[in-house]
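K.L.:
Starting off with a structure, shown below.
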Amino acid sequence: MLQDRIYELFERIHQDLVARRREGLAIIVEGIKDAIFGGSEKAARQAPYIRDAIGMQRYMGAPLLACIPLVLASIYFYGWRSLAIIIVTYLVGIAVELTFCAIRRHEITEGLLVTCMLYALSLPPTLPFWMVAVGIAFAIGIKELFGGSGYNIFNPAISGRAFLLLAFPAAMTNFWYVPFNPLTDGLGGFLHWSPESVKGLDAIAKATPLGAFRDPALANPDLFTLVTGFGRADVLGATSAMLVLLSGLYLLQARVIDWRVSIVMIVSAGLTSQFLHFVDPSRFPDGLYTMLSGGLLFAAFLNATDPVTSPMTVRGRWIFGMMLGVLTVLGRGLTGYAEWVTFSILIGNMFTPLLDRFTIPKSFSAPAIQKR
Amino acid sequence: MAVLGSLKTFKGGHYFGLFEGTPRGKRLKTAPTPQRVIIPLRQGFSAEVAPVVKEGDRVKTGQIIGRAEPNPKKPSTPVHASISGRVVKIDKRPHPLGGETLCVHIESDGKDDWAKLNPPANYERLSPEELGRILYEAGVTAGGQAGFPTAYHSAFTTPEKIRYLIINAVETEPFCEATDQLLYEEFDKFVNGMKILRQALGNVQVHIGLGYNKPRIYEELIERLEYYDWCTIHQLRPKYPQHDDAVLIRTLLGVLLPQRGYATDVGCVVQDVQQCVAAYEAVVEGKPFVERVVSVAGSAIQEPGNYRVRVGTPLSNLLENNNTKCNGRIVLGSVLRGQAQDDLNTPITKEISAVIVLREAERELFPVAGPGFDRDSFTGVYLSVPWVRYKRATTSLNGNPRPCVRCGFCVDVCPQNLMPALLGEYSAHGLLSEAQDMDLFACIECGLCAYVCPSKIPLLEQIREGKRKILAEAA
Ligand code: SF4
Ligand code: SF4
């Protein structure tokens, strides 16, 4: 059968490469083979003899699936340039990861695909391609320096974004596109490269909704705009709160993300903000506005829930989620800097090992009886 | 009788789908009496006993072929011949549940002559001591995870120390349907057997843990036991591993089992449906416990079914009669915690409630794609639709083990509230005291953590290895 022949071909190339001591290439070949066959032929040799159908491929596939509507929406809102950003991210990301894998002889892991997707979706649509490339190279590089997927302390997608914020603050925060609006623009971005290529300078927006809140000269977008994203300038993936919510709900039901991180983070941010809004309405928007702006939903559902860099215990997750929510609101209000979702996740990541250590649950057992 | 209305369950665990090759609702059939049986002289948790027969001796069905002097340090129960015939060999063989043990090989004479006990006509008048003797002589006391205590030291404790008899009528092990079937078909024997066991323990309180998926049995039990105040029925969600002693006792009584301890340490005796029926047959019909119910199941079995099988029947007998495509992997008892067997001469013992033959994982093209209607998963990434009745039980690891992504699934499912990811990691890296500090010995080895792990880390194996190392160091 064709399938068997392809499999054998891969096996042969792999053995050949190992025999010639080219382990780096061998790992890449095996990675491709496993991508095609999913490693389905490898069976459990120890108890338990049946295993859950979930594998790392499917596990990491779920966030990708959840991102498809967001990708389509970003193409609609900001034209094909947004797809180009995603493609550049993947090309550079995969190249960097493969290099590391080949040098350090470890296997390629699926987490990379998710990292690239989340990174790309959290960029402004105006960002120059070379900056996109630098950011993802940094993100993957940092992850690999910590020992690769599973050992990294910082969320790779977020660390790439944080790097860009520090290195190119102007490009990351000052230029936005007014997205195509389904109410007026018909097929919108599906027909165009970017809003700028049609409307010229008219397409440039000054600020995201969070920026608008800070700037007295700009009007705050209304609730409809915030929820649907029609006419709301924001990063690629987080323009429409509605769609992000949809993705989040899918991931929640798939159990790939935990509500104790995501929902807790969103709710605690909303409550904190609502409370502080009574104290100082000029610095703190009301709860709903906070929840719907600044990529909070996107970060809570897709970034903060990254399993590797969030706590593993139930109580740890509660604390982590609350911490992130509160930190985001306080940071935004007190420093006037809009990017606190990113930073609070990085700070939270630093506390993850600590949280895990101090929230180990008590087992359901009594102490051993000294006898026998 | 107290009937507890609310459904009880425990934290963690997993509801398995109905796997392809599960003999659900198949009536019990009697397997043909084997030509040859191999009977291990160590049963379950009991110590090994000495043979009382020699090569060449004639034995009858139900005759004692091995016993030991009662010894409180080494609980044991006599071992019986399960067919009549001639002892052809006594040798050391691997025990199906691990380790080596002496085994008696008996060749059938085709007659199946029984050596029955002579129980008194009315068991209700017997004292606990007399009942205990019959149960001991009939080999019933070897069952359960910790044995059944009698004056003959068949368990690590004595009947006086027991306060509760717990009846485990909730089978949550995938593929194991035979004991459920026994409950339906031998309901009378079950109820009376339960009374006998209670009487043998000195009329203790009885708690019945019954699967919520058996409303008919529930109704009938209420009808039969309505006027007794010694009995409490609990309805339990059929979530794996509800049937495990530690989990069952915690759910029913709220008592925590000590680490490395048995049910008997907290004054409980746990017995399952098979034990109750065996007790009835011993005390009323005089039949020693030489036949038990076994499910023959799994994806490689063409006609899964439930059978009454003589103890000591080699696997080959069972599997030949079932049109097995015997290319699969044979697991005894539990697909989650059991050990795979290669040897078709391995005998069925009193503890084995199922023989499961799984198809080997096959290579597929893009197995991750597709909706996965027939997949069973802890997660919701597959569309396991209700109209695909049987789910696929996969042995596939989906590639090489990956590093732990700390997804926390293992923490979520662990019925003992442990951190399997850390226990496994510490055990694998030799950090044994750290593992012990995190209550490694509270693990009941249910195997769920390794089942759900998306990185396919062999957590159960790592944990067992860690326990072995600690025990070896302590010795
Ligand atoms: S289930 Fe596996 S990958 Fe997830 S935390 Fe446990 S050991 Fe790690
Ligand atoms: S750690 Fe032990 S008790 Fe917990 S899920 Fe794993 S095997 Fe079961």
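Ligands are numbered from 1 in the order shown, residues from 1 within each chain, and chains are lettered A, B, ... in the order they appear in the structure tokens.
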Pick out each residue of region 5-236 of chain B that DSSP on the backbone tags as helix (DSSP H, G or I); I need them as an NGL selection string.

P.N.:
:B and (123-125 or 128-137 or 140-142 or 159-161 or 178-185 or 187-200 or 215-225)

K.L.:
Please, which residues have at least one atom within 7 Å of an atom of ligand 2, using only C-alpha atoms and all ligand atoms, listed as a list in words?

P.N.:
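Using only C-alpha atoms and all ligand atoms, everything at most 7 Å from ligand 2 comes to Cys410, Val413, Cys414, Pro415, Gln416, Asn417, Leu418, Met419, Pro420, Cys443, Ile444, Glu445, Cys446, Gly447, Leu448, Cys449, Ala450, Leu459 and Leu460 of chain B.
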
K.L.:
Would you save the residues from that selection as a PDB file, in the first residue's frame, using N, CA and C atoms?

P.N.:
ATOM      1  N   CYS B 410      -3.735  15.278  34.791  1.00  0.00           N
ATOM      2  CA  CYS B 410      -3.495  14.202  35.756  1.00  0.00           C
ATOM      3  C   CYS B 410      -3.913  14.650  37.155  1.00  0.00           C
ATOM      4  N   VAL B 413      -7.791  14.368  37.369  1.00  0.00           N
ATOM      5  CA  VAL B 413      -8.432  13.054  37.447  1.00  0.00           C
ATOM      6  C   VAL B 413      -8.026  12.252  38.664  1.00  0.00           C
ATOM      7  N   CYS B 414      -6.941  12.621  39.313  1.00  0.00           N
ATOM      8  CA  CYS B 414      -6.436  11.757  40.384  1.00  0.00           C
ATOM      9  C   CYS B 414      -7.475  11.634  41.503  1.00  0.00           C
ATOM     10  N   PRO B 415      -7.960  10.428  41.784  1.00  0.00           N
ATOM     11  CA  PRO B 415      -8.976  10.276  42.814  1.00  0.00           C
ATOM     12  C   PRO B 415      -8.419  10.483  44.210  1.00  0.00           C
ATOM     13  N   GLN B 416      -7.107  10.452  44.350  1.00  0.00           N
ATOM     14  CA  GLN B 416      -6.487  10.591  45.669  1.00  0.00           C
ATOM     15  C   GLN B 416      -5.971  12.000  45.914  1.00  0.00           C
ATOM     16  N   ASN B 417      -6.306  12.930  45.015  1.00  0.00           N
ATOM     17  CA  ASN B 417      -5.897  14.323  45.183  1.00  0.00           C
ATOM     18  C   ASN B 417      -4.383  14.478  45.224  1.00  0.00           C
ATOM     19  N   LEU B 418      -3.703  13.746  44.370  1.00  0.00           N
ATOM     20  CA  LEU B 418      -2.246  13.829  44.327  1.00  0.00           C
ATOM     21  C   LEU B 418      -1.818  14.683  43.145  1.00  0.00           C
ATOM     22  N   MET B 419      -0.506  14.849  43.007  1.00  0.00           N
ATOM     23  CA  MET B 419       0.054  15.551  41.855  1.00  0.00           C
ATOM     24  C   MET B 419       0.856  14.535  41.047  1.00  0.00           C
ATOM     25  N   PRO B 420       0.172  13.731  40.237  1.00  0.00           N
ATOM     26  CA  PRO B 420       0.873  12.628  39.565  1.00  0.00           C
ATOM     27  C   PRO B 420       2.068  13.103  38.738  1.00  0.00           C
ATOM     28  N   CYS B 443      -1.105   6.857  46.572  1.00  0.00           N
ATOM     29  CA  CYS B 443      -1.539   6.490  45.217  1.00  0.00           C
ATOM     30  C   CYS B 443      -2.102   5.084  45.222  1.00  0.00           C
ATOM     31  N   ILE B 444      -3.291   4.912  44.652  1.00  0.00           N
ATOM     32  CA  ILE B 444      -3.900   3.591  44.611  1.00  0.00           C
ATOM     33  C   ILE B 444      -3.619   2.895  43.290  1.00  0.00           C
ATOM     34  N   GLU B 445      -2.732   3.481  42.482  1.00  0.00           N
ATOM     35  CA  GLU B 445      -2.323   2.896  41.206  1.00  0.00           C
ATOM     36  C   GLU B 445      -3.517   2.618  40.311  1.00  0.00           C
ATOM     37  N   CYS B 446      -4.387   3.601  40.210  1.00  0.00           N
ATOM     38  CA  CYS B 446      -5.551   3.394  39.362  1.00  0.00           C
ATOM     39  C   CYS B 446      -5.194   3.577  37.894  1.00  0.00           C
ATOM     40  N   GLY B 447      -4.095   4.260  37.609  1.00  0.00           N
ATOM     41  CA  GLY B 447      -3.642   4.380  36.225  1.00  0.00           C
ATOM     42  C   GLY B 447      -4.309   5.492  35.445  1.00  0.00           C
ATOM     43  N   LEU B 448      -5.223   6.220  36.059  1.00  0.00           N
ATOM     44  CA  LEU B 448      -5.928   7.255  35.304  1.00  0.00           C
ATOM     45  C   LEU B 448      -4.995   8.374  34.845  1.00  0.00           C
ATOM     46  N   CYS B 449      -4.021   8.713  35.683  1.00  0.00           N
ATOM     47  CA  CYS B 449      -3.142   9.824  35.317  1.00  0.00           C
ATOM     48  C   CYS B 449      -2.421   9.512  34.020  1.00  0.00           C
ATOM     49  N   ALA B 450      -1.898   8.287  33.924  1.00  0.00           N
ATOM     50  CA  ALA B 450      -1.202   7.929  32.695  1.00  0.00           C
ATOM     51  C   ALA B 450      -2.187   7.810  31.534  1.00  0.00           C
ATOM     52  N   LEU B 459       3.262   7.673  33.637  1.00  0.00           N
ATOM     53  CA  LEU B 459       3.226   8.066  35.044  1.00  0.00           C
ATOM     54  C   LEU B 459       3.047   6.883  35.987  1.00  0.00           C
ATOM     55  N   LEU B 460       2.132   5.973  35.651  1.00  0.00           N
ATOM     56  CA  LEU B 460       1.859   4.853  36.553  1.00  0.00           C
ATOM     57  C   LEU B 460       3.124   4.032  36.752  1.00  0.00           C
TER      58      LEU B 460
END

K.L.:
Name the residues, by chain letter and number, that sit within 8 Å of ligand 1 using only C-alpha atoms and all ligand atoms, and give them as a PDB file with all heavy atoms, in the first residue's frame.

P.N.:
ATOM      1  N   MET A 312      -0.188  24.354  37.951  1.00  0.00           N
ATOM      2  CA  MET A 312      -0.806  23.078  37.661  1.00  0.00           C
ATOM      3  C   MET A 312      -1.882  22.750  38.685  1.00  0.00           C
ATOM      4  O   MET A 312      -2.816  22.028  38.398  1.00  0.00           O
ATOM      5  CB  MET A 312       0.288  22.013  37.704  1.00  0.00           C
ATOM      6  CG  MET A 312      -0.027  20.775  36.979  1.00  0.00           C
ATOM      7  SD  MET A 312       1.403  19.706  36.718  1.00  0.00           S
ATOM      8  CE  MET A 312       2.580  20.182  37.907  1.00  0.00           C
TER       9      MET A 312
ATOM     10  N   ARG B 402       6.266  13.140  25.094  1.00  0.00           N
ATOM     11  CA  ARG B 402       6.801  14.514  25.042  1.00  0.00           C
ATOM     12  C   ARG B 402       7.123  14.939  26.466  1.00  0.00           C
ATOM     13  O   ARG B 402       6.713  14.295  27.411  1.00  0.00           O
ATOM     14  CB  ARG B 402       5.749  15.464  24.460  1.00  0.00           C
ATOM     15  CG  ARG B 402       5.012  14.943  23.273  1.00  0.00           C
ATOM     16  CD  ARG B 402       5.881  14.937  22.051  1.00  0.00           C
ATOM     17  NE  ARG B 402       5.376  13.954  21.103  1.00  0.00           N
ATOM     18  CZ  ARG B 402       4.582  14.242  20.092  1.00  0.00           C
ATOM     19  NH1 ARG B 402       4.229  15.460  19.883  1.00  0.00           N
ATOM     20  NH2 ARG B 402       4.182  13.294  19.287  1.00  0.00           N
ATOM     21  N   PRO B 403       7.786  16.072  26.577  1.00  0.00           N
ATOM     22  CA  PRO B 403       7.954  16.610  27.928  1.00  0.00           C
ATOM     23  C   PRO B 403       6.590  16.978  28.502  1.00  0.00           C
ATOM     24  O   PRO B 403       5.657  17.274  27.753  1.00  0.00           O
ATOM     25  CB  PRO B 403       8.794  17.869  27.726  1.00  0.00           C
ATOM     26  CG  PRO B 403       9.245  17.874  26.318  1.00  0.00           C
ATOM     27  CD  PRO B 403       8.403  16.922  25.551  1.00  0.00           C
ATOM     28  N   CYS B 404       6.479  16.959  29.815  1.00  0.00           N
ATOM     29  CA  CYS B 404       5.226  17.325  30.477  1.00  0.00           C
ATOM     30  C   CYS B 404       4.902  18.772  30.153  1.00  0.00           C
ATOM     31  O   CYS B 404       5.745  19.647  30.298  1.00  0.00           O
ATOM     32  CB  CYS B 404       5.389  17.143  31.976  1.00  0.00           C
ATOM     33  SG  CYS B 404       4.071  17.865  32.945  1.00  0.00           S
ATOM     34  N   VAL B 405       3.682  19.031  29.680  1.00  0.00           N
ATOM     35  CA  VAL B 405       3.304  20.415  29.408  1.00  0.00           C
ATOM     36  C   VAL B 405       2.558  21.026  30.589  1.00  0.00           C
ATOM     37  O   VAL B 405       2.067  22.132  30.496  1.00  0.00           O
ATOM     38  CB  VAL B 405       2.432  20.549  28.146  1.00  0.00           C
ATOM     39  CG1 VAL B 405       3.208  20.172  26.926  1.00  0.00           C
ATOM     40  CG2 VAL B 405       1.173  19.740  28.259  1.00  0.00           C
ATOM     41  N   ARG B 406       2.464  20.291  31.674  1.00  0.00           N
ATOM     42  CA  ARG B 406       1.835  20.788  32.897  1.00  0.00           C
ATOM     43  C   ARG B 406       0.381  21.191  32.668  1.00  0.00           C
ATOM     44  O   ARG B 406      -0.091  22.181  33.216  1.00  0.00           O
ATOM     45  CB  ARG B 406       2.638  21.966  33.446  1.00  0.00           C
ATOM     46  CG  ARG B 406       4.083  21.614  33.744  1.00  0.00           C
ATOM     47  CD  ARG B 406       4.959  22.841  33.814  1.00  0.00           C
ATOM     48  NE  ARG B 406       4.302  23.882  34.563  1.00  0.00           N
ATOM     49  CZ  ARG B 406       4.373  24.014  35.872  1.00  0.00           C
ATOM     50  NH1 ARG B 406       5.096  23.177  36.548  1.00  0.00           N
ATOM     51  NH2 ARG B 406       3.751  24.976  36.478  1.00  0.00           N
ATOM     52  N   CYS B 407      -0.295  20.390  31.879  1.00  0.00           N
ATOM     53  CA  CYS B 407      -1.676  20.724  31.563  1.00  0.00           C
ATOM     54  C   CYS B 407      -2.575  20.525  32.776  1.00  0.00           C
ATOM     55  O   CYS B 407      -3.662  21.068  32.835  1.00  0.00           O
ATOM     56  CB  CYS B 407      -2.176  19.847  30.430  1.00  0.00           C
ATOM     57  SG  CYS B 407      -2.126  18.119  30.844  1.00  0.00           S
ATOM     58  N   GLY B 408      -2.136  19.689  33.727  1.00  0.00           N
ATOM     59  CA  GLY B 408      -2.937  19.492  34.925  1.00  0.00           C
ATOM     60  C   GLY B 408      -4.051  18.466  34.777  1.00  0.00           C
ATOM     61  O   GLY B 408      -4.829  18.282  35.698  1.00  0.00           O
ATOM     62  N   PHE B 409      -4.137  17.771  33.657  1.00  0.00           N
ATOM     63  CA  PHE B 409      -5.178  16.747  33.520  1.00  0.00           C
ATOM     64  C   PHE B 409      -5.010  15.669  34.584  1.00  0.00           C
ATOM     65  O   PHE B 409      -5.974  15.202  35.180  1.00  0.00           O
ATOM     66  CB  PHE B 409      -5.113  16.078  32.144  1.00  0.00           C
ATOM     67  CG  PHE B 409      -5.557  16.960  31.019  1.00  0.00           C
ATOM     68  CD1 PHE B 409      -5.448  16.534  29.703  1.00  0.00           C
ATOM     69  CD2 PHE B 409      -6.099  18.209  31.255  1.00  0.00           C
ATOM     70  CE1 PHE B 409      -5.861  17.338  28.656  1.00  0.00           C
ATOM     71  CE2 PHE B 409      -6.508  19.017  30.220  1.00  0.00           C
ATOM     72  CZ  PHE B 409      -6.385  18.576  28.916  1.00  0.00           C
ATOM     73  N   CYS B 410      -3.735  15.278  34.791  1.00  0.00           N
ATOM     74  CA  CYS B 410      -3.495  14.202  35.756  1.00  0.00           C
ATOM     75  C   CYS B 410      -3.913  14.650  37.155  1.00  0.00           C
ATOM     76  O   CYS B 410      -4.431  13.852  37.933  1.00  0.00           O
ATOM     77  CB  CYS B 410      -2.042  13.758  35.727  1.00  0.00           C
ATOM     78  SG  CYS B 410      -0.848  15.073  35.906  1.00  0.00           S
ATOM     79  N   VAL B 411      -3.710  15.924  37.449  1.00  0.00           N
ATOM     80  CA  VAL B 411      -4.123  16.439  38.761  1.00  0.00           C
ATOM     81  C   VAL B 411      -5.649  16.410  38.863  1.00  0.00           C
ATOM     82  O   VAL B 411      -6.222  16.062  39.894  1.00  0.00           O
ATOM     83  CB  VAL B 411      -3.601  17.870  38.959  1.00  0.00           C
ATOM     84  CG1 VAL B 411      -3.972  18.381  40.332  1.00  0.00           C
ATOM     85  CG2 VAL B 411      -2.095  17.916  38.766  1.00  0.00           C
ATOM     86  N   MET B 419      -0.506  14.849  43.007  1.00  0.00           N
ATOM     87  CA  MET B 419       0.054  15.551  41.855  1.00  0.00           C
ATOM     88  C   MET B 419       0.856  14.535  41.047  1.00  0.00           C
ATOM     89  O   MET B 419       2.081  14.493  41.159  1.00  0.00           O
ATOM     90  CB  MET B 419       0.979  16.672  42.331  1.00  0.00           C
ATOM     91  CG  MET B 419       0.316  17.700  43.188  1.00  0.00           C
ATOM     92  SD  MET B 419      -0.413  18.986  42.198  1.00  0.00           S
ATOM     93  CE  MET B 419       1.028  19.811  41.615  1.00  0.00           C
ATOM     94  N   PRO B 420       0.172  13.731  40.237  1.00  0.00           N
ATOM     95  CA  PRO B 420       0.873  12.628  39.565  1.00  0.00           C
ATOM     96  C   PRO B 420       2.068  13.103  38.738  1.00  0.00           C
ATOM     97  O   PRO B 420       3.084  12.426  38.687  1.00  0.00           O
ATOM     98  CB  PRO B 420      -0.206  12.018  38.678  1.00  0.00           C
ATOM     99  CG  PRO B 420      -1.482  12.413  39.303  1.00  0.00           C
ATOM    100  CD  PRO B 420      -1.255  13.741  39.930  1.00  0.00           C
ATOM    101  N   ALA B 421       1.952  14.273  38.114  1.00  0.00           N
ATOM    102  CA  ALA B 421       3.050  14.737  37.266  1.00  0.00           C
ATOM    103  C   ALA B 421       4.327  14.857  38.082  1.00  0.00           C
ATOM    104  O   ALA B 421       5.395  14.415  37.658  1.00  0.00           O
ATOM    105  CB  ALA B 421       2.693  16.077  36.641  1.00  0.00           C
ATOM    106  N   LEU B 422       4.207  15.430  39.276  1.00  0.00           N
ATOM    107  CA  LEU B 422       5.398  15.598  40.104  1.00  0.00           C
ATOM    108  C   LEU B 422       5.850  14.263  40.693  1.00  0.00           C
ATOM    109  O   LEU B 422       7.044  13.972  40.737  1.00  0.00           O
ATOM    110  CB  LEU B 422       5.124  16.593  41.230  1.00  0.00           C
ATOM    111  CG  LEU B 422       4.803  18.011  40.770  1.00  0.00           C
ATOM    112  CD1 LEU B 422       4.659  18.933  41.961  1.00  0.00           C
ATOM    113  CD2 LEU B 422       5.889  18.526  39.842  1.00  0.00           C
ATOM    114  N   GLY B 424       5.548  11.350  39.425  1.00  0.00           N
ATOM    115  CA  GLY B 424       6.221  10.600  38.368  1.00  0.00           C
ATOM    116  C   GLY B 424       7.601  11.150  38.100  1.00  0.00           C
ATOM    117  O   GLY B 424       8.577  10.410  37.992  1.00  0.00           O
ATOM    118  N   CYS B 449      -4.021   8.713  35.683  1.00  0.00           N
ATOM    119  CA  CYS B 449      -3.142   9.824  35.317  1.00  0.00           C
ATOM    120  C   CYS B 449      -2.421   9.512  34.020  1.00  0.00           C
ATOM    121  O   CYS B 449      -2.355  10.347  33.124  1.00  0.00           O
ATOM    122  CB  CYS B 449      -2.169  10.131  36.444  1.00  0.00           C
ATOM    123  SG  CYS B 449      -1.353   8.701  37.141  1.00  0.00           S
ATOM    124  N   ALA B 450      -1.898   8.287  33.924  1.00  0.00           N
ATOM    125  CA  ALA B 450      -1.202   7.929  32.695  1.00  0.00           C
ATOM    126  C   ALA B 450      -2.187   7.810  31.534  1.00  0.00           C
ATOM    127  O   ALA B 450      -1.837   8.062  30.387  1.00  0.00           O
ATOM    128  CB  ALA B 450      -0.451   6.620  32.871  1.00  0.00           C
ATOM    129  N   VAL B 452      -4.897   9.714  30.922  1.00  0.00           N
ATOM    130  CA  VAL B 452      -5.303  10.993  30.338  1.00  0.00           C
ATOM    131  C   VAL B 452      -4.140  11.837  29.835  1.00  0.00           C
ATOM    132  O   VAL B 452      -4.355  12.782  29.081  1.00  0.00           O
ATOM    133  CB  VAL B 452      -6.094  11.873  31.331  1.00  0.00           C
ATOM    134  CG1 VAL B 452      -7.382  11.216  31.726  1.00  0.00           C
ATOM    135  CG2 VAL B 452      -5.270  12.210  32.543  1.00  0.00           C
ATOM    136  N   CYS B 453      -2.922  11.526  30.226  1.00  0.00           N
ATOM    137  CA  CYS B 453      -1.797  12.414  29.904  1.00  0.00           C
ATOM    138  C   CYS B 453      -1.652  12.618  28.393  1.00  0.00           C
ATOM    139  O   CYS B 453      -1.460  11.661  27.660  1.00  0.00           O
ATOM    140  CB  CYS B 453      -0.503  11.837  30.449  1.00  0.00           C
ATOM    141  SG  CYS B 453       0.914  12.855  30.064  1.00  0.00           S
ATOM    142  N   PRO B 454      -1.758  13.845  27.911  1.00  0.00           N
ATOM    143  CA  PRO B 454      -1.609  14.057  26.473  1.00  0.00           C
ATOM    144  C   PRO B 454      -0.165  13.901  26.008  1.00  0.00           C
ATOM    145  O   PRO B 454       0.077  13.668  24.834  1.00  0.00           O
ATOM    146  CB  PRO B 454      -2.106  15.492  26.259  1.00  0.00           C
ATOM    147  CG  PRO B 454      -1.983  16.144  27.572  1.00  0.00           C
ATOM    148  CD  PRO B 454      -2.083  15.074  28.620  1.00  0.00           C
ATOM    149  N   SER B 455       0.784  14.035  26.924  1.00  0.00           N
ATOM    150  CA  SER B 455       2.186  13.830  26.557  1.00  0.00           C
ATOM    151  C   SER B 455       2.564  12.358  26.614  1.00  0.00           C
ATOM    152  O   SER B 455       3.679  11.995  26.298  1.00  0.00           O
ATOM    153  CB  SER B 455       3.098  14.616  27.491  1.00  0.00           C
ATOM    154  OG  SER B 455       2.937  15.987  27.304  1.00  0.00           O
ATOM    155  N   LYS B 456       1.621  11.529  27.051  1.00  0.00           N
ATOM    156  CA  LYS B 456       1.829  10.081  27.130  1.00  0.00           C
ATOM    157  C   LYS B 456       3.040   9.723  27.979  1.00  0.00           C
ATOM    158  O   LYS B 456       3.859   8.889  27.612  1.00  0.00           O
ATOM    159  CB  LYS B 456       1.960   9.471  25.728  1.00  0.00           C
ATOM    160  CG  LYS B 456       0.827   9.817  24.804  1.00  0.00           C
ATOM    161  CD  LYS B 456      -0.477   9.223  25.244  1.00  0.00           C
ATOM    162  CE  LYS B 456      -1.628   9.844  24.496  1.00  0.00           C
ATOM    163  NZ  LYS B 456      -2.930   9.473  25.016  1.00  0.00           N
ATOM    164  N   ILE B 457       3.154  10.382  29.107  1.00  0.00           N
ATOM    165  CA  ILE B 457       4.229  10.067  30.042  1.00  0.00           C
ATOM    166  C   ILE B 457       3.793   8.843  30.850  1.00  0.00           C
ATOM    167  O   ILE B 457       2.654   8.792  31.314  1.00  0.00           O
ATOM    168  CB  ILE B 457       4.475  11.270  30.970  1.00  0.00           C
ATOM    169  CG1 ILE B 457       4.906  12.454  30.119  1.00  0.00           C
ATOM    170  CG2 ILE B 457       5.534  10.945  32.019  1.00  0.00           C
ATOM    171  CD1 ILE B 457       5.008  13.745  30.874  1.00  0.00           C
ATOM    172  N   LEU B 459       3.262   7.673  33.637  1.00  0.00           N
ATOM    173  CA  LEU B 459       3.226   8.066  35.044  1.00  0.00           C
ATOM    174  C   LEU B 459       3.047   6.883  35.987  1.00  0.00           C
ATOM    175  O   LEU B 459       3.735   6.772  36.992  1.00  0.00           O
ATOM    176  CB  LEU B 459       2.092   9.073  35.267  1.00  0.00           C
ATOM    177  CG  LEU B 459       2.303  10.432  34.623  1.00  0.00           C
ATOM    178  CD1 LEU B 459       1.011  11.218  34.622  1.00  0.00           C
ATOM    179  CD2 LEU B 459       3.367  11.206  35.363  1.00  0.00           C
TER     180      LEU B 459
END

K.L.:
Which one is closest to chain A: B:Asn213, B:Ser384, B:Gln339, B:Gln242? Count only C-alpha atoms.

P.N.:
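Distance minimum relative to chain A lands on B:Gln339.
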
K.L.:
Within 12 Å of Asp185 (chain A), counting only C-alpha atoms, which residues show up once you throw out same-chain ones fewer than 6 positions away? Write them as a list of chain:residue names, please.

P.N.:
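Everything that qualifies: A:Tyr76, A:Phe77, A:Tyr78, A:Gly79, A:Val178, A:Pro179, A:Leu191, A:His192, A:Pro195, A:Val198, A:Lys199, A:Phe230, A:Gly231.
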
K.L.:
Identify, on the basis of only C-alpha atoms, every residue whose closest approach to Gly267 (chain B) does not exceed 7 Å; exclude the query and any residue fewer than 2 positions from it along the same chain; express the result as JSON, numbers by chain.

P.N.:
{"B": [161, 162, 163, 164, 263, 264, 265, 269]}

K.L.:
Write out, as a JSON list (two decimals), in the first residue's frame, the residues just selected, with N, CA and C atoms.

P.N.:
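Produced file result.json, reproduced below:
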[["chain", "number", "residue", "atom", "x", "y", "z"],
["B", 161, "LYS", "N", -12.69, -6.89, 65.20],
["B", 161, "LYS", "CA", -12.28, -5.52, 64.96],
["B", 161, "LYS", "C", -13.07, -4.87, 63.82],
["B", 162, "ILE", "N", -13.94, -5.66, 63.19],
["B", 162, "ILE", "CA", -14.63, -5.15, 62.01],
["B", 162, "ILE", "C", -15.95, -4.50, 62.42],
["B", 163, "ARG", "N", -16.19, -3.29, 61.89],
["B", 163, "ARG", "CA", -17.44, -2.61, 62.21],
["B", 163, "ARG", "C", -18.36, -2.50, 60.99],
["B", 164, "TYR", "N", -17.78, -2.53, 59.81],
["B", 164, "TYR", "CA", -18.62, -2.35, 58.62],
["B", 164, "TYR", "C", -18.30, -3.41, 57.58],
["B", 263, "ALA", "N", -8.39, -1.92, 53.81],
["B", 263, "ALA", "CA", -9.70, -1.59, 54.36],
["B", 263, "ALA", "C", -9.82, -2.07, 55.79],
["B", 264, "THR", "N", -9.23, -3.21, 56.07],
["B", 264, "THR", "CA", -9.36, -3.79, 57.42],
["B", 264, "THR", "C", -8.74, -2.89, 58.47],
["B", 265, "ASP", "N", -7.81, -2.02, 58.09],
["B", 265, "ASP", "CA", -7.18, -1.13, 59.07],
["B", 265, "ASP", "C", -8.16, -0.11, 59.63],
["B", 269, "VAL", "N", -14.61, -4.32, 55.88],
["B", 269, "VAL", "CA", -14.32, -5.41, 54.97],
["B", 269, "VAL", "C", -15.08, -5.10, 53.69]]

K.L.:
Extract, using only C-alpha atoms, all DNA, RNA and protein residues at most 8 Å from region 78-90 of chain B, discarding same-chain residues fewer than 5 positions from it, and format them as a PyMOL selection string.

P.N.:
chain B and resi 33-34+37+39+41+43+49+53-68+102-114+136-139+288-291+310-312

K.L.:
Using only C-alpha atoms, determine which residues lie at most 7 Å from region 340-355 of chain A, disregarding the query and same-chain residues fewer than 4 positions distant; provide the list as number ranges by chain.

P.N.:
A: 153-154, 158, 162, 296, 299, 304, 309-311, 316, 320, 324, 327-328, 331-332, 359
